[in-house]
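J.: So that we are looking at the same thing, I have put the structure below in structure tokens.
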Amino acid sequence: MTAADLPSQDQQQYQAFKQLGLKLDMSRGKPSPEQLDLSNALLNAVDGYKAADGTDGRNYGGTVGLPEARALFGELLDVPAAQVVVDSSASLSLMHDVIMYALLNGTPGNAPWVREPVTFLCPVPGYDRHFAICETRGIKMINVPMNDDGPDMDLVEKLVAEDASIKGMWCVPKYSNPGGVVYSDAVVQRLAAMKTAAPDFILMWDDAYRFHHLGAEKLEVLSILEACAAAGHPDRAFVFASSSKVTWAGSGIAALASSPANIAWWTKHSGIRSIGPDKINQLRHVRLLKDLPTVEALMEQHAALLKPKFDAVLAQFEQYLGNVPGVSWTRPQGGYFIDLVTPDGAAKRTVALAKEAGITLTPAGAAFPYGNDPKDRHIRIAPSFPSLDEITKAAQGIALSLRVALAG
């Protein structure tokens, strides 16, 4: 056996890592048990079933949400309570329904989308579940590169002005999934004011990480509803938010905020789908969360649990990948993800090698429409669920997997 036949140091380290027998699923950005424990008071938060207006939370009704739940999200999103609907336990459900109502019924004053081709703009890398809604409903998707301050607006403005089939655009304006991008004021204003060939163009504004800061600096994003109204497009934006990563991920409450016309449109169509949401769950969330200062204090506790895990990943990447040409990663100030960027053609192989080492990651390419990362470069890292010790080991294993992938 010659020296060339001997395993490289990276391969030796990788093989030794595999012997640890890890079994970690990091495929989704799930809160840890310790984070969920922060809201265990929800179990005893309801001491009655009557809402402020006398509504019996045990019965049918309340299709737009209880008044106090609408007021809470109005305060959190800085919009009038009358422009908020509280329904479902997941904002993704509300996003799906907005798309379905637009397809089948049309947005206010416009024809149903199903009568013509429909296209959506998708900033990439982005959220795979957004893309899945479009793909399963036959909506064509166009990639838009993401810059440090948001989507490439020169390209966005060109596309929407030329193509009337472009009916909408997905946006995660703060701490985007997975890149952690925060939209600048200029980007928000351009999105609100841009001229579109489609008169019924909408912005699907997923404000999932509005309060999910990792450090002392709490970055803010301009109100898209106010910007759209000021630009003469009051019905352009639908804003979505939830308590899914504030309280309990599987038992939260979700909200939709938009213009009065859009809220009336939503109410009309959602009344066919449901006779009313889980109002007892709304009551217990209102009584636990109370107001904006209470939510911010709770999110500081989340950050205290999350930030050491993010720091551990970044430290391991710096140690094992800091001198590897063509490798980079984001250093987010909030949200749930780190975007690990490999040299061209290495992401899928890295994910496969990590799987062999006991680390399940989001499939490479998931952050792009149709699961197709054209350059096979992006890997979404979700540090939240594993323990600090586990995520430190996992980050090392991912880095070793990438080094072995690059070795060929």
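Note on naming: chains are A, B, ... as they come in the structure tokens, residues start from 1 per chain, ligands start from 1 in the order shown.
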So that I can see what lies close to A:Lys290, please list as a list in words the residues with an atom at most 12 Å from it, counting only C-alpha atoms and leaving out residues fewer than 5 positions away in the same chain.
T.: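 After dropping sequence-adjacent residues, the list is Ala45, Glu68, Ala69, Arg70, Ala71, Leu72, Phe73, Glu75, Leu76, Gln282, Leu283, Arg284, His285, Val295, Glu296, Ala297 and Leu298 of chain A.
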J.: Per residue of stretch 106-146 of chain A within 9 Å of stretch 151-157 of chain A, record the nearest atom pair and its distance in Å to one decimal, counting only C-alpha atoms, with rows in chain order and ascending residue number, as JSON lines.
T.:
{"residue": "A:Leu121", "atom": "CA", "partner": "A:Val156", "partner_atom": "CA", "distance": 7.8}
{"residue": "A:Cys122", "atom": "CA", "partner": "A:Pro151", "partner_atom": "CA", "distance": 8.9}
{"residue": "A:Pro123", "atom": "CA", "partner": "A:Pro151", "partner_atom": "CA", "distance": 5.8}
{"residue": "A:Val124", "atom": "CA", "partner": "A:Pro151", "partner_atom": "CA", "distance": 8.2}
{"residue": "A:Val144", "atom": "CA", "partner": "A:Pro151", "partner_atom": "CA", "distance": 6.5}
{"residue": "A:Pro145", "atom": "CA", "partner": "A:Asp152", "partner_atom": "CA", "distance": 5.8}
{"residue": "A:Met146", "atom": "CA", "partner": "A:Pro151", "partner_atom": "CA", "distance": 4.3}
J.: So, with only C-alpha atoms as the atoms that count, which of A:Tyr14, A:Trp248, A:Phe317, A:Trp170 lies closest to A:Asp37?
T.: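 When distances to A:Asp37 are compared using only C-alpha atoms, the smallest one comes from A:Trp248.
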J.: Just give me the gap between atom CA of A:Asp344 and atom CA of A:Gly326 in Å, one decimal is fine.
T.: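 Interatomic distance here is 8.4 Å.
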J.: Please provide as a list in words all residues within 12 Å of A:Ser165, with the sequence filter that same-chain residues fewer than 6 positions apart are discarded (counting only C-alpha atoms).
T.: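 Contacts, in chain order: Trp113, Val114, Arg115, Glu116, Pro117, Val118, Thr119, Phe120, Leu121, Ile139, Lys140, Met141, Ile142, Leu159, Thr196, Ala197, Ala198, Pro199, Asp200, Phe201 and Ile202 of chain A.
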